[in-house]
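Here the structure comes first, spelled out in structure tokens, and everything after it is commentary.
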Amino acid sequence: MKTITVSAPGKLLLIGDHAVVYNRPCLVTAVDQRMWVSVSVTAQQDLELKAKDLAISRYKKEIKALGTGDIPKGATFVEIAVKNYIEKFPFQGGVSVETTSEFSSTVGFGSSSAATVCVLKALSEATGNTLDNDSLFKLAYKTVLDIQGVGSGFDIAAAIYGGVLYFVGGGKVIEPLAVSTMPLIVGYSGKKGDTPTIVKAVAEKIKTNPGIYESIFDTSTACVEEGKKALLSGGFVRFGELMNIAEGLLAGLGVETLQLAAMNYAARNAGAYGAKLSGAGGGDCMIALVPYDRSNDIEKAITQAGGTVIPVKTNAQGVRVEA
Ligand code: PMV
């Protein structure tokens with residue numbers, strides 16, 4: 001029984017949050033904190049899961065029952081990923097999965113997407129159906145939509161391709177950008193944001209004033225297009241300014257919290273080029289793009305504003321087979 005171990009990076013959304021759900025572009029970077037998944041094909045007709053970071057000490061379910069009945073929250077993405085894989089590439093036997101993560105599932109680095117990508121990649125290696133990145137994206141994105149019903153798939157793309165990507169909602173464009181490491185500071189707000197709930201709340205809001213929200217998304221698109229140029233030419237001052245504009249748009253969508261705003265202002269006042277929330281909002285993290293020589297002051301300011309600094313490096317490698 002051969003065990004395949006795969007890892008995939010977490011991610012941070014740089015600009016384009018929410019608009020990307022509406023077929024607009026975004027810029028996303030993979031970060032160097034990774035999800036690790038080991039998979040083996042077993043003789044029993046069961047899925048067995050150990051995921052200590054998700055409070056799953058031992059979970060077992062018959063393969064033919066996957067996707068039915070109660071599924072503990074921490075097991076959902078692994079279970080539906082295994083179900084979707086077996087439906088597409090049937091094989092005899094069961095699957096044993098163990099996950100460990102270098103980042104907490106509460107910070108919004110995309111643990112569910114990274115785990116989904118790892119499980120599918122490891123299963124494909126274990127059963128000899130090597131999936132190319134495009135097929136892996138489609139199967140992982142289907143898994144996320146089966147569970148959440150909403151989502152652009154940007155986090156799946158970051159887990160697969162790594163690096164910095166220009167991504168259009170649903171994966172219509174996935175373009176790796178030649179960008180070197182960005183001087184980014186990440187501050188956790190102390191509260192987990194519930195992405196599907198927030199995305200659905202924004203969808204409801206749009207119905208009340210579609211034209212105005214459409215123009216918010218148009219401006220977001222302009223920020224992403226300008227931001228792409230700025231990143232490719234190392235224009236961090238310009239990119240920071242675009243981040244600040246993007247935060248204004250997210251405040252307009254109603255997803256900024258007081259805590260995130262306090263951390264953003266603290267970072268800007270301490271010399272950041274720009275600061276904004278990253279992802280759905282309602283909690284999770286903010287990011288600040290900073291001059292290297294101001295990093296310490298900006299980290300201190302974010303901490304004083306009630307945030308917890310999480311050290312990350314951007315531009316991490318995408319999914320890879322480790323053993
Ligand atoms: O909350 P996160 O980090 O999973 O990011 C969500 C980003 C959204 O644009 C709001 C949703 C999506 O799927 O793109």
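Chain labels follow the order of the structure tokens: the first chain is A, the next B, and so on; residue numbering restarts at 1 in every chain, and ligands are counted from 1 in their shown order.
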
Ligand 1: which residues are within 10 Å, counting only C-alpha atoms and all ligand atoms? Reply as a PyMOL selection string. chain A and resi 10-13+15-26+107-113+144-145+148+150-156+167-170+192-200+202+250+255+277-285

Env of region 60-62 of chain A: 6 Å cut, atoms = only C-alpha atoms, seq-sep filter 2 positions within chain, self excluded. Answer as a PyMOL selection string. chain A and resi 45-48+64-65

Restricting the output to all heavy atoms, write the selected residues as a CSV table (one decimal), in the first residue's frame.
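Written file, out-v6.csv:
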```csv
chain,number,residue,atom,x,y,z
A,45,GLN,N,-13.4,-1.0,1.8
A,45,GLN,CA,-14.2,-0.1,1.0
A,45,GLN,C,-14.6,1.2,1.8
A,45,GLN,O,-15.8,1.5,1.8
A,45,GLN,CB,-15.4,-0.8,0.5
A,45,GLN,CG,-15.2,-2.0,-0.4
A,45,GLN,CD,-14.6,-1.6,-1.7
A,45,GLN,OE1,-15.0,-0.7,-2.4
A,45,GLN,NE2,-13.6,-2.4,-2.2
A,46,ASP,N,-13.6,1.8,2.4
A,46,ASP,CA,-14.0,3.0,3.3
A,46,ASP,C,-13.1,4.2,3.0
A,46,ASP,O,-12.0,4.0,2.5
A,46,ASP,CB,-13.6,2.6,4.8
A,46,ASP,CG,-14.4,1.5,5.3
A,46,ASP,OD1,-15.6,1.4,5.0
A,46,ASP,OD2,-13.8,0.7,6.0
A,47,LEU,N,-13.6,5.3,3.3
A,47,LEU,CA,-12.7,6.5,3.5
A,47,LEU,C,-12.4,6.6,5.0
A,47,LEU,O,-13.3,6.5,5.8
A,47,LEU,CB,-13.5,7.8,3.1
A,47,LEU,CG,-12.8,9.1,3.5
A,47,LEU,CD1,-11.5,9.3,2.8
A,47,LEU,CD2,-13.7,10.3,3.3
A,48,GLU,N,-11.1,6.7,5.2
A,48,GLU,CA,-10.6,6.9,6.6
A,48,GLU,C,-9.9,8.2,6.6
A,48,GLU,O,-9.0,8.4,5.8
A,48,GLU,CB,-9.7,5.8,7.0
A,48,GLU,CG,-10.3,4.7,7.8
A,48,GLU,CD,-9.2,3.8,8.4
A,48,GLU,OE1,-8.7,4.1,9.4
A,48,GLU,OE2,-9.0,2.7,7.8
A,64,LYS,N,-19.4,3.9,-0.6
A,64,LYS,CA,-20.7,4.0,-1.3
A,64,LYS,C,-21.6,5.0,-0.6
A,64,LYS,O,-22.6,5.5,-1.2
A,64,LYS,CB,-21.4,2.7,-1.6
A,64,LYS,CG,-21.8,1.9,-0.4
A,64,LYS,CD,-22.5,0.6,-0.9
A,64,LYS,CE,-23.2,-0.2,0.1
A,64,LYS,NZ,-22.3,-0.8,1.2
A,65,ALA,N,-21.3,5.4,0.6
A,65,ALA,CA,-22.1,6.4,1.3
A,65,ALA,C,-21.5,7.8,1.3
A,65,ALA,O,-22.1,8.7,1.9
A,65,ALA,CB,-22.2,5.9,2.8
```

What lies within 12 Å of Ser215 (chain A) using only C-alpha atoms, ignoring chain neighbours under 3 positions off, as a list in words?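 Neighbouring residues, sequence-local ones excluded: Ala19, Arg24, Ile206, Asn209, Pro210, Gly211, Ile212, Asp218, Thr219, Ser220, Thr221, Ala222, Leu249, Gly252 and Leu253 of chain A.
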
For Ala301 (chain A), please output as an MDAnalysis selection string all residues within 8 Å (counting only C-alpha atoms; exclusion window: fewer than 6 positions along the same chain). chainID A and resid 263 266:267 270

Could those selected residues go to a file with C-alpha atoms, as a PDB file, in the first residue's frame?
```pdb
ATOM      1  CA  MET A 263      -5.471  47.609  11.301  1.00  0.00           C
ATOM      2  CA  ALA A 266      -2.580  51.703  11.606  1.00  0.00           C
ATOM      3  CA  ALA A 267      -0.453  50.129   8.853  1.00  0.00           C
ATOM      4  CA  ALA A 270       3.064  53.698  10.063  1.00  0.00           C
TER       5      ALA A 270
END
```

Sorted per-residue table, region 182-249 of chain A near region 305-318 of chain A, closest atoms and distance, 6 Å, only C-alpha atoms, as JSON lines:
```
{"residue": "A:Val186", "atom": "CA", "partner": "A:Ile310", "partner_atom": "CA", "distance": 5.4}
{"residue": "A:Gly187", "atom": "CA", "partner": "A:Val309", "partner_atom": "CA", "distance": 4.4}
{"residue": "A:Tyr188", "atom": "CA", "partner": "A:Thr308", "partner_atom": "CA", "distance": 5.0}
{"residue": "A:Ser189", "atom": "CA", "partner": "A:Gly307", "partner_atom": "CA", "distance": 5.1}
```

Using only C-alpha atoms, find the one residue out of A:Ile287, A:Leu260, A:Ile86, A:Asp53 that sits nearest to Lys191 (chain A).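 The shortest atom-to-atom distance to Lys191 (chain A) comes from A:Leu260.
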
Compare A:Val37, A:Val237, A:Leu177, A:Ala8 by their minimum atom-to-atom distance to Glu98 (chain A), counting only C-alpha atoms, and give me the closest one. A:Val37

Who sits within 12 Å of Ile71 (chain A), only C-alpha atoms, same chain under 3 positions skipped, as a VMD selection string: chain A and resid 49 56 59 to 61 65 to 68 74 to 80 147

DSSP-assigned helix (DSSP H, G or I) among region 85-187 of chain A, expressed as a PyMOL selection string: chain A and resi 85-88+111-126+133-148+154-161+169-171

Nearest to Gly128 (chain A): which of A:Ala288, A:Val224, A:Val41, A:Ala230 is it, counting only C-alpha atoms? A:Val41

What's the 6 Å shell around region 238-248 of chain A, counting only C-alpha atoms, without same-chain residues fewer than 5 positions away, as a PyMOL selection string? chain A and resi 223+227+230+273-276

Export, as an mmCIF file, in the first residue's frame, the selected residues with N, CA, C and O atoms.
```
data_model
loop_
_atom_site.group_PDB
_atom_site.id
_atom_site.type_symbol
_atom_site.label_atom_id
_atom_site.label_comp_id
_atom_site.auth_asym_id
_atom_site.auth_seq_id
_atom_site.Cartn_x
_atom_site.Cartn_y
_atom_site.Cartn_z
ATOM 1 N N CYS A 223 -8.702 48.562 -11.110
ATOM 2 C CA CYS A 223 -7.613 48.455 -10.116
ATOM 3 C C CYS A 223 -6.762 47.208 -10.387
ATOM 4 O O CYS A 223 -5.536 47.235 -10.256
ATOM 5 N N GLY A 227 -3.081 47.287 -11.398
ATOM 6 C CA GLY A 227 -2.258 46.596 -10.398
ATOM 7 C C GLY A 227 -1.344 45.565 -11.055
ATOM 8 O O GLY A 227 -0.187 45.399 -10.661
ATOM 9 N N ALA A 230 1.483 47.425 -12.496
ATOM 10 C CA ALA A 230 2.367 47.916 -11.424
ATOM 11 C C ALA A 230 3.235 46.778 -10.882
ATOM 12 O O ALA A 230 4.445 46.931 -10.697
ATOM 13 N N TYR A 273 2.706 51.253 2.024
ATOM 14 C CA TYR A 273 2.296 51.789 0.721
ATOM 15 C C TYR A 273 0.770 51.673 0.573
ATOM 16 O O TYR A 273 0.129 52.494 -0.060
ATOM 17 N N GLY A 274 0.215 50.604 1.141
ATOM 18 C CA GLY A 274 -1.219 50.389 1.044
ATOM 19 C C GLY A 274 -1.626 49.251 1.958
ATOM 20 O O GLY A 274 -0.780 48.439 2.365
ATOM 21 N N ALA A 275 -2.911 49.218 2.329
ATOM 22 C CA ALA A 275 -3.383 48.146 3.208
ATOM 23 C C ALA A 275 -4.853 47.892 2.920
ATOM 24 O O ALA A 275 -5.617 48.829 2.667
ATOM 25 N N LYS A 276 -5.216 46.615 2.940
ATOM 26 C CA LYS A 276 -6.622 46.249 2.683
ATOM 27 C C LYS A 276 -6.914 44.890 3.294
ATOM 28 O O LYS A 276 -5.991 44.141 3.630
#
```

Would you pick out the contacts of Leu54 (chain A) at 9 Å or less, using only C-alpha atoms, so that residues sharing its chain but fewer than 2 positions from it are not included, and give the list as a list in words?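 Here the answer would be Lys50, Ala51, Lys52, Ile56, Ser57, Lys73, Gly74, Ala75, Thr99, Thr100, Ser104 and Ser105 of chain A.
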
What is the CA of Asp32 (chain A)-CA of Pro9 (chain A) distance in Å, reported with one decimal?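 These two atoms are separated by 6.0 Å.
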
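Put simply, CA of Leu231 (chain A) is 26.1 Å away from CA of Phe103 (chain A).
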
Nearest residue to Thr303 (chain A) out of A:Ser96, A:Asn264, A:Ser135, A:Arg320, using only C-alpha atoms?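 Distance minimum relative to Thr303 (chain A) lands on A:Asn264.
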